[in-house]
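Participant: Right, I'll just put the structure down here and ask away after.
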Amino acid sequence: MGIVVVKDLTVEYEGVIALEDVSLEVSEPSFTVVLGPNGAGKSTLLKTLIGFIRPVRGIVRVLGIDPTKEPYRVRKLVGYLPQREFIERDIPIKVRDVILFGLLARRPPPRVATVRDLEKVREVLKIVGLEELADKRFDELSGGQQQRVLIARALVSDPKLLLLDEPLSATDVKTQVSILELLRELVDERNVSVIMVTHDVSVAVEYSDYVALLNRRLLAFGKPGDVLTPSNLVKAYGEGLRMFLTKEGRVMFIADQHICDFCEYCRSREWRRRRGAT
């Protein structure tokens with residue numbers, strides 16, 4: 001049984017199809033990027049895997065468990081970072097407590113932190129490079145630091161799988177690279193599988209093992225070089241696809257209000273020269 005198995009998955013919201021006949025399988029610890037235009041069903045896919053959404057039909061298994069029947073069992077094994085994580089800004093909550101609450105929330109009352117829990121918080125803060133900020137208020141952190149704290153919270157329960165919805169949002173390019181390198185390290189050194197939703201197609205080229213290209217239906221799934229072809233990108237983003245080069249040297253596409261970042265030019269020698277790659 002794979003880490004994630006999805007067969008003929010269809011999800012509807014009030015009679016409107018969000019995902020239709022989607023099938024894919026992640027069978028080994030790997031970094032999978034989910035791409036597609038706005039409204040393609042990317043977040044819906046993650047919410048279905050974690051058991052927040054019940055499909056109309058289809059089979060879903062996460063670590064061999066059916067999240068529609070045993071959602072709480074799945075959530076004990078999976079770290080999930082939603083697209084918008086709400087942390088009350090008016091409460092002066094410390095970084096360590098943001099992470100600790102994520103751990104205690106998985107337990108029945110009374111939720112009392114142990115010495116081991118506090119040690120685990122220190123461990124994950126060290127993993128994300130923020131060990132020295134444990135006593136700092138969460139609302140005083142930069143956007144990138146906050147994202148790292150939330151990733152640490154998703155890691156604190158030792159998940160076998162991380163589901164991350166737009167974890168690079170509201171971060172600069174330098175922070176994005178550091179987060180991506182952290183995720184790559186988790187896969188390679190800790191055997192944690194990562195499934196990440198993003199609009200940045202360059203991420204798929206540089207960091208992922210597999211890419212799922214969605215537009216309500218699964219248009220392609222496989223290695224980045226096999227999935228991110230001009231014909232597949234047009235299927236996903238439309239005939240209005242246009243390319244331009246940003247000042248950071250990133251290749252961007254615009255198509256019907258949607259922005260993504262990839263074309264075959266990304267892999268070219270000129271693109272790599274502009275990015276400073278070897």
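Identifiers for the structure tokens are assigned positionally: chains receive A, B, ... in sequence, residues are indexed from 1 per chain, and ligands are indexed from 1 in the order shown.
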As a PyMOL selection string, please: all residues of segment 27-251 of chain A that backbone DSSP puts in strand (DSSP E).

Facilitator: chain A and resi 31-35+57-62+78-81+161-165+193-197+210-215+217-222+242-245+251

Participant: Report as CSV: every residue of segment 116-211 of chain A with an atom at most 10 Å from segment 96-102 of chain A, its closest pair of atoms, and their distance in Å to one decimal, counting only C-alpha atoms, with rows sorted by chain and ascending residue number.

Facilitator:
```
residue,atom,partner,partner_atom,distance
A:Asp117,CA,A:Leu100,CA,7.3
A:Leu118,CA,A:Leu100,CA,7.4
A:Lys120,CA,A:Leu100,CA,8.8
A:Val121,CA,A:Leu100,CA,6.5
A:Arg122,CA,A:Arg96,CA,7.9
A:Val124,CA,A:Ile99,CA,8.8
A:Leu125,CA,A:Arg96,CA,8.2
A:Glu131,CA,A:Arg96,CA,9.3
A:Leu133,CA,A:Arg96,CA,8.3
A:Ala134,CA,A:Arg96,CA,4.9
A:Asp135,CA,A:Arg96,CA,6.5
A:Lys136,CA,A:Arg96,CA,8.3
A:Arg137,CA,A:Arg96,CA,9.0
A:Phe138,CA,A:Val98,CA,7.7
A:Val149,CA,A:Ile99,CA,7.1
A:Leu150,CA,A:Ile99,CA,7.3
A:Ile151,CA,A:Ile99,CA,9.0
A:Ala152,CA,A:Ile99,CA,6.7
A:Arg153,CA,A:Ile99,CA,4.4
A:Ala154,CA,A:Gly102,CA,7.4
A:Leu155,CA,A:Ile99,CA,9.0
A:Val156,CA,A:Ile99,CA,7.1
A:Ser157,CA,A:Gly102,CA,8.3
```

Participant: Give me, as a list in words, the residues of segment 164-204 of chain A that a backbone DSSP run labels alpha helix (DSSP H).

Facilitator: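 Matching residues, listed in order: Val173, Lys174, Thr175, Gln176, Val177, Ser178, Ile179, Leu180, Glu181, Leu182, Leu183, Arg184, Glu185, Leu186, Val187, Asp188, Glu189, Arg190, Val201, Ser202, Val203 and Ala204 of chain A.
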
Participant: I'd like a table as a Markdown table: residues in segment 16-88 of chain A with an atom no more than 8 Å from segment 218-235 of chain A, each row giving the shortest atom pair and its distance in Å to one decimal, only C-alpha atoms counted, sorted by chain and rising residue number.

Facilitator:
```
| residue | atom | partner | partner_atom | distance |
| --- | --- | --- | --- | --- |
| A:Asp21 | CA | A:Leu218 | CA | 7.8 |
| A:Val22 | CA | A:Leu218 | CA | 5.4 |
| A:Ser23 | CA | A:Leu218 | CA | 7.2 |
| A:Leu24 | CA | A:Phe221 | CA | 7.2 |
```

Participant: Take the residues from that selection and put them in a file with N, CA, C and O atoms, as a PDB file, in the first residue's frame.

Facilitator:
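The resulting file, result21.pdb, is reproduced below:
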```
ATOM      1  N   ASP A  21     -12.698  12.405 -11.040  1.00  0.00           N
ATOM      2  CA  ASP A  21     -12.001  11.197 -11.493  1.00  0.00           C
ATOM      3  C   ASP A  21     -10.481  11.313 -11.377  1.00  0.00           C
ATOM      4  O   ASP A  21      -9.733  10.949 -12.285  1.00  0.00           O
ATOM      5  N   VAL A  22     -10.011  11.789 -10.240  1.00  0.00           N
ATOM      6  CA  VAL A  22      -8.574  11.952 -10.016  1.00  0.00           C
ATOM      7  C   VAL A  22      -7.989  10.664  -9.454  1.00  0.00           C
ATOM      8  O   VAL A  22      -8.513  10.101  -8.485  1.00  0.00           O
ATOM      9  N   SER A  23      -6.905  10.200 -10.066  1.00  0.00           N
ATOM     10  CA  SER A  23      -6.211   9.001  -9.597  1.00  0.00           C
ATOM     11  C   SER A  23      -4.707   9.272  -9.584  1.00  0.00           C
ATOM     12  O   SER A  23      -4.145   9.747 -10.581  1.00  0.00           O
ATOM     13  N   LEU A  24      -4.073   8.987  -8.455  1.00  0.00           N
ATOM     14  CA  LEU A  24      -2.617   9.100  -8.357  1.00  0.00           C
ATOM     15  C   LEU A  24      -2.136   8.277  -7.163  1.00  0.00           C
ATOM     16  O   LEU A  24      -2.917   7.938  -6.277  1.00  0.00           O
TER      17      LEU A  24
END
```

Participant: Using only C-alpha atoms, find each residue of segment 81-177 of chain A with at least one atom at most 12 Å away from an atom of segment 71-74 of chain A; report its shortest atom-to-atom pair and that distance in Å (one decimal), sort the rows by chain and rising residue number, and return the result as a Markdown table.

Facilitator:
```
| residue | atom | partner | partner_atom | distance |
| --- | --- | --- | --- | --- |
| A:Ala105 | CA | A:Tyr72 | CA | 11.4 |
| A:Arg106 | CA | A:Tyr72 | CA | 8.6 |
| A:Arg107 | CA | A:Tyr72 | CA | 10.5 |
| A:Pro108 | CA | A:Tyr72 | CA | 11.7 |
| A:Pro159 | CA | A:Val74 | CA | 9.9 |
| A:Lys160 | CA | A:Val74 | CA | 10.3 |
| A:Leu161 | CA | A:Val74 | CA | 9.9 |
| A:Leu162 | CA | A:Val74 | CA | 11.5 |
| A:Leu163 | CA | A:Val74 | CA | 11.8 |
```

Participant: Write to file, as a compact mmCIF listing (two decimals), in the first residue's frame, the residues of the selection just made, with N, CA, C and O atoms.

Facilitator:
```txt
# COMPACT_ATOMS: atom_id res chain seq x y z
N ALA A 105 -3.10 19.51 21.01
CA ALA A 105 -4.43 19.45 20.41
C ALA A 105 -4.77 18.06 19.90
O ALA A 105 -5.95 17.74 19.70
N ARG A 106 -3.77 17.23 19.71
CA ARG A 106 -4.00 15.87 19.22
C ARG A 106 -4.38 14.90 20.34
O ARG A 106 -4.64 13.74 20.08
N ARG A 107 -4.37 15.39 21.58
CA ARG A 107 -4.61 14.51 22.73
C ARG A 107 -5.94 14.80 23.39
O ARG A 107 -6.44 15.93 23.33
N PRO A 108 -6.50 13.81 24.05
CA PRO A 108 -7.72 14.06 24.82
C PRO A 108 -7.38 14.82 26.10
O PRO A 108 -6.24 14.78 26.57
N PRO A 159 5.33 13.34 12.00
CA PRO A 159 4.48 12.80 10.94
C PRO A 159 5.28 12.03 9.90
O PRO A 159 6.46 12.30 9.67
N LYS A 160 4.63 11.10 9.26
CA LYS A 160 5.22 10.39 8.14
C LYS A 160 4.95 11.12 6.83
O LYS A 160 5.59 10.85 5.81
N LEU A 161 3.98 12.04 6.88
CA LEU A 161 3.57 12.78 5.68
C LEU A 161 3.25 14.22 6.07
O LEU A 161 2.58 14.47 7.07
N LEU A 162 3.74 15.17 5.27
CA LEU A 162 3.40 16.58 5.43
C LEU A 162 2.55 17.02 4.25
O LEU A 162 2.92 16.81 3.09
N LEU A 163 1.41 17.65 4.54
CA LEU A 163 0.55 18.25 3.53
C LEU A 163 0.61 19.76 3.72
O LEU A 163 0.15 20.27 4.74
```

Participant: Kindly indicate which residue among A:Val56, A:Ser27, A:Ile65, A:Val33 lies nearest to Asp8 of chain A, using only C-alpha atoms for the distances.

Facilitator: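 For Asp8 of chain A, the nearest of the candidates is A:Val56.
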
Participant: Please identify all polymer residues within 10 Å of segment 175-182 of chain A, counting only C-alpha atoms, omitting same-chain residues fewer than 5 positions from it, and present them as an NGL selection string.

Facilitator: :A and (127-129 or 143-145 or 147-148 or 151 or 167-170 or 187-188 or 203 or 206-208)

Participant: Write a file of the selected residues as a PDB file, in the first residue's frame, keeping N, CA and C atoms.

Facilitator:
```pdb
ATOM      1  N   ILE A 127      15.315  22.072  13.960  1.00  0.00           N
ATOM      2  CA  ILE A 127      15.216  21.585  12.580  1.00  0.00           C
ATOM      3  C   ILE A 127      14.927  22.731  11.619  1.00  0.00           C
ATOM      4  N   VAL A 128      14.019  23.643  12.014  1.00  0.00           N
ATOM      5  CA  VAL A 128      13.647  24.751  11.123  1.00  0.00           C
ATOM      6  C   VAL A 128      14.536  25.978  11.320  1.00  0.00           C
ATOM      7  N   GLY A 129      15.556  25.860  12.170  1.00  0.00           N
ATOM      8  CA  GLY A 129      16.517  26.939  12.325  1.00  0.00           C
ATOM      9  C   GLY A 129      16.052  28.116  13.147  1.00  0.00           C
ATOM     10  N   GLY A 143       7.222  37.258   8.158  1.00  0.00           N
ATOM     11  CA  GLY A 143       6.348  36.291   7.504  1.00  0.00           C
ATOM     12  C   GLY A 143       7.038  34.960   7.262  1.00  0.00           C
ATOM     13  N   GLY A 144       8.294  35.007   6.853  1.00  0.00           N
ATOM     14  CA  GLY A 144       9.032  33.770   6.617  1.00  0.00           C
ATOM     15  C   GLY A 144       9.281  32.992   7.887  1.00  0.00           C
ATOM     16  N   GLN A 145       9.593  33.701   8.972  1.00  0.00           N
ATOM     17  CA  GLN A 145       9.806  33.029  10.258  1.00  0.00           C
ATOM     18  C   GLN A 145       8.507  32.398  10.748  1.00  0.00           C
ATOM     19  N   GLN A 147       6.111  31.220   8.914  1.00  0.00           N
ATOM     20  CA  GLN A 147       5.886  30.008   8.131  1.00  0.00           C
ATOM     21  C   GLN A 147       6.756  28.861   8.637  1.00  0.00           C
ATOM     22  N   ARG A 148       7.971  29.163   9.025  1.00  0.00           N
ATOM     23  CA  ARG A 148       8.856  28.126   9.563  1.00  0.00           C
ATOM     24  C   ARG A 148       8.308  27.583  10.892  1.00  0.00           C
ATOM     25  N   ILE A 151       5.514  25.263  10.071  1.00  0.00           N
ATOM     26  CA  ILE A 151       6.047  23.990   9.594  1.00  0.00           C
ATOM     27  C   ILE A 151       6.556  23.171  10.775  1.00  0.00           C
ATOM     28  N   PRO A 167       2.838  27.011   1.361  1.00  0.00           N
ATOM     29  CA  PRO A 167       3.694  27.418   2.481  1.00  0.00           C
ATOM     30  C   PRO A 167       4.674  28.533   2.129  1.00  0.00           C
ATOM     31  N   LEU A 168       4.802  28.857   0.839  1.00  0.00           N
ATOM     32  CA  LEU A 168       5.745  29.896   0.422  1.00  0.00           C
ATOM     33  C   LEU A 168       5.095  31.267   0.288  1.00  0.00           C
ATOM     34  N   SER A 169       3.801  31.344   0.541  1.00  0.00           N
ATOM     35  CA  SER A 169       3.103  32.618   0.389  1.00  0.00           C
ATOM     36  C   SER A 169       3.603  33.632   1.409  1.00  0.00           C
ATOM     37  N   ALA A 170       3.621  34.897   1.013  1.00  0.00           N
ATOM     38  CA  ALA A 170       4.037  36.010   1.883  1.00  0.00           C
ATOM     39  C   ALA A 170       5.480  35.889   2.341  1.00  0.00           C
ATOM     40  N   VAL A 187      12.721  15.091   3.398  1.00  0.00           N
ATOM     41  CA  VAL A 187      12.483  13.926   2.547  1.00  0.00           C
ATOM     42  C   VAL A 187      13.725  13.045   2.490  1.00  0.00           C
ATOM     43  N   ASP A 188      14.865  13.668   2.215  1.00  0.00           N
ATOM     44  CA  ASP A 188      16.084  12.897   1.948  1.00  0.00           C
ATOM     45  C   ASP A 188      16.697  12.285   3.205  1.00  0.00           C
ATOM     46  N   VAL A 203       9.612  25.792  -8.523  1.00  0.00           N
ATOM     47  CA  VAL A 203       9.814  24.910  -7.371  1.00  0.00           C
ATOM     48  C   VAL A 203       9.764  23.450  -7.808  1.00  0.00           C
ATOM     49  N   GLU A 206      13.020  22.452  -9.600  1.00  0.00           N
ATOM     50  CA  GLU A 206      14.258  22.441  -8.828  1.00  0.00           C
ATOM     51  C   GLU A 206      14.242  21.484  -7.635  1.00  0.00           C
ATOM     52  N   TYR A 207      13.067  21.243  -7.039  1.00  0.00           N
ATOM     53  CA  TYR A 207      13.046  20.544  -5.749  1.00  0.00           C
ATOM     54  C   TYR A 207      12.228  19.261  -5.715  1.00  0.00           C
ATOM     55  N   SER A 208      11.252  19.114  -6.563  1.00  0.00           N
ATOM     56  CA  SER A 208      10.309  18.007  -6.395  1.00  0.00           C
ATOM     57  C   SER A 208      10.786  16.728  -7.074  1.00  0.00           C
TER      58      SER A 208
END
```

Participant: Have a look at atom CA of Ala204 of chain A and atom CA of Leu141 of chain A and let me know their distance in Å, one decimal.

Facilitator: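 About the pair atom CA of Ala204 of chain A and atom CA of Leu141 of chain A: they are 27.6 Å apart.
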
Participant: Would you kindly return, as a VMD selection string, each protein, DNA or RNA residue with an atom no farther than 12 Å from any atom of Ile3 of chain A, considering only C-alpha atoms and excluding same-chain residues fewer than 6 positions away?

Facilitator: chain A and resid 24 to 32 49 60 to 66 74 77 to 78 159 to 162 191 to 195

Participant: Write a file of the just-selected residues containing N, CA, C and O atoms, as a tab-separated table (two decimals), in the first residue's frame.

Facilitator:
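As written to disk, out.tsv reads:
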```tsv
chain	number	residue	atom	x	y	z
A	24	LEU	N	-4.07	8.99	-8.45
A	24	LEU	CA	-2.62	9.10	-8.36
A	24	LEU	C	-2.14	8.28	-7.16
A	24	LEU	O	-2.92	7.94	-6.28
A	25	GLU	N	-0.84	7.97	-7.16
A	25	GLU	CA	-0.28	7.21	-6.06
A	25	GLU	C	1.13	7.69	-5.75
A	25	GLU	O	1.95	7.86	-6.66
A	26	VAL	N	1.39	7.93	-4.47
A	26	VAL	CA	2.74	8.23	-3.98
A	26	VAL	C	3.16	7.02	-3.17
A	26	VAL	O	2.58	6.74	-2.12
A	27	SER	N	4.16	6.30	-3.67
A	27	SER	CA	4.47	5.00	-3.08
A	27	SER	C	5.76	4.97	-2.27
A	27	SER	O	6.12	3.92	-1.73
A	28	GLU	N	6.46	6.11	-2.19
A	28	GLU	CA	7.73	6.14	-1.46
A	28	GLU	C	7.93	7.53	-0.88
A	28	GLU	O	7.30	8.50	-1.33
A	29	PRO	N	8.81	7.66	0.14
A	29	PRO	CA	9.11	8.99	0.66
A	29	PRO	C	9.61	9.89	-0.47
A	29	PRO	O	10.59	9.57	-1.15
A	30	SER	N	8.91	10.99	-0.71
A	30	SER	CA	9.22	11.84	-1.86
A	30	SER	C	8.63	13.22	-1.65
A	30	SER	O	7.83	13.46	-0.74
A	31	PHE	N	9.02	14.13	-2.54
A	31	PHE	CA	8.54	15.50	-2.53
A	31	PHE	C	7.65	15.67	-3.76
A	31	PHE	O	8.14	15.66	-4.89
A	32	THR	N	6.35	15.80	-3.54
A	32	THR	CA	5.39	15.96	-4.62
A	32	THR	C	4.82	17.37	-4.59
A	32	THR	O	4.36	17.83	-3.55
A	49	LEU	N	-7.47	14.48	1.60
A	49	LEU	CA	-6.48	13.55	2.14
A	49	LEU	C	-6.45	13.58	3.67
A	49	LEU	O	-6.23	12.55	4.30
A	60	VAL	N	-9.75	6.74	-1.30
A	60	VAL	CA	-8.64	7.53	-0.77
A	60	VAL	C	-8.03	6.75	0.39
A	60	VAL	O	-8.73	6.34	1.32
A	61	ARG	N	-6.72	6.57	0.32
A	61	ARG	CA	-5.99	5.93	1.41
A	61	ARG	C	-4.75	6.76	1.71
A	61	ARG	O	-3.99	7.10	0.80
A	62	VAL	N	-4.57	7.06	2.97
A	62	VAL	CA	-3.40	7.80	3.42
A	62	VAL	C	-2.69	6.93	4.46
A	62	VAL	O	-3.27	6.64	5.52
A	63	LEU	N	-1.48	6.48	4.13
A	63	LEU	CA	-0.74	5.55	5.00
A	63	LEU	C	-1.58	4.32	5.31
A	63	LEU	O	-1.56	3.79	6.41
A	64	GLY	N	-2.34	3.90	4.30
A	64	GLY	CA	-3.17	2.71	4.43
A	64	GLY	C	-4.50	2.92	5.13
A	64	GLY	O	-5.26	1.96	5.31
A	65	ILE	N	-4.81	4.16	5.51
A	65	ILE	CA	-6.02	4.46	6.28
A	65	ILE	C	-7.00	5.24	5.41
A	65	ILE	O	-6.60	6.10	4.62
A	66	ASP	N	-8.27	4.97	5.57
A	66	ASP	CA	-9.32	5.71	4.86
A	66	ASP	C	-9.68	6.95	5.67
A	66	ASP	O	-10.29	6.84	6.74
A	74	VAL	N	-5.80	9.40	10.86
A	74	VAL	CA	-4.93	9.97	9.82
A	74	VAL	C	-4.22	11.21	10.35
A	74	VAL	O	-3.01	11.40	10.15
A	77	LEU	N	-1.01	10.96	12.20
A	77	LEU	CA	0.16	10.54	11.44
A	77	LEU	C	0.60	11.55	10.39
A	77	LEU	O	1.68	11.39	9.80
A	78	VAL	N	-0.22	12.57	10.17
A	78	VAL	CA	0.03	13.53	9.09
A	78	VAL	C	0.13	14.94	9.65
A	78	VAL	O	-0.67	15.35	10.48
A	159	PRO	N	5.33	13.34	12.00
A	159	PRO	CA	4.48	12.80	10.94
A	159	PRO	C	5.28	12.03	9.90
A	159	PRO	O	6.46	12.30	9.67
A	160	LYS	N	4.63	11.10	9.26
A	160	LYS	CA	5.22	10.39	8.14
A	160	LYS	C	4.95	11.12	6.83
A	160	LYS	O	5.59	10.85	5.81
A	161	LEU	N	3.98	12.04	6.88
A	161	LEU	CA	3.57	12.78	5.68
A	161	LEU	C	3.25	14.22	6.07
A	161	LEU	O	2.58	14.47	7.07
A	162	LEU	N	3.74	15.17	5.27
A	162	LEU	CA	3.40	16.58	5.43
A	162	LEU	C	2.55	17.02	4.25
A	162	LEU	O	2.92	16.81	3.09
A	191	ASN	N	13.05	10.75	5.75
A	191	ASN	CA	12.04	9.90	5.10
A	191	ASN	C	10.62	10.39	5.35
A	191	ASN	O	9.68	9.59	5.48
A	192	VAL	N	10.47	11.71	5.45
A	192	VAL	CA	9.14	12.30	5.55
A	192	VAL	C	8.66	12.64	4.13
A	192	VAL	O	9.38	13.30	3.38
A	193	SER	N	7.49	12.16	3.76
A	193	SER	CA	6.93	12.52	2.45
A	193	SER	C	6.30	13.90	2.53
A	193	SER	O	5.69	14.25	3.55
A	194	VAL	N	6.44	14.67	1.46
A	194	VAL	CA	5.88	16.02	1.41
A	194	VAL	C	5.00	16.13	0.17
A	194	VAL	O	5.42	15.78	-0.94
A	195	ILE	N	3.78	16.61	0.36
A	195	ILE	CA	2.91	16.98	-0.75
A	195	ILE	C	2.58	18.45	-0.56
A	195	ILE	O	1.96	18.83	0.43
```

Participant: Show me, as CSV, the residues of segment 52-148 of chain A having an atom within 9 Å of segment 38-48 of chain A, each with the closest atom pair and its distance in Å, using only C-alpha atoms.

Facilitator:
```
residue,atom,partner,partner_atom,distance
A:Phe52,CA,A:Lys47,CA,5.1
A:Ile53,CA,A:Thr48,CA,4.7
A:Arg54,CA,A:Thr48,CA,6.4
A:Pro55,CA,A:Thr48,CA,7.1
A:Val60,CA,A:Thr48,CA,8.1
A:Pro67,CA,A:Thr48,CA,7.6
A:Thr68,CA,A:Thr48,CA,8.1
A:Tyr80,CA,A:Leu46,CA,8.6
A:Pro82,CA,A:Ser43,CA,8.2
A:Gln83,CA,A:Ser43,CA,7.8
```

Participant: For the selection you just gave me, I'd like the residues written to a file as a CSV table (one decimal), in the first residue's frame, keeping C-alpha atoms.

Facilitator:
```
chain,number,residue,atom,x,y,z
A,52,PHE,CA,-11.8,17.4,6.2
A,53,ILE,CA,-13.9,16.8,3.0
A,54,ARG,CA,-15.8,13.7,2.2
A,55,PRO,CA,-15.7,12.7,-1.5
A,60,VAL,CA,-8.6,7.5,-0.8
A,67,PRO,CA,-9.6,9.4,6.0
A,68,THR,CA,-13.3,9.4,5.4
A,80,TYR,CA,-1.0,19.6,7.8
A,82,PRO,CA,-3.5,25.0,5.6
A,83,GLN,CA,-3.3,27.9,3.2
```
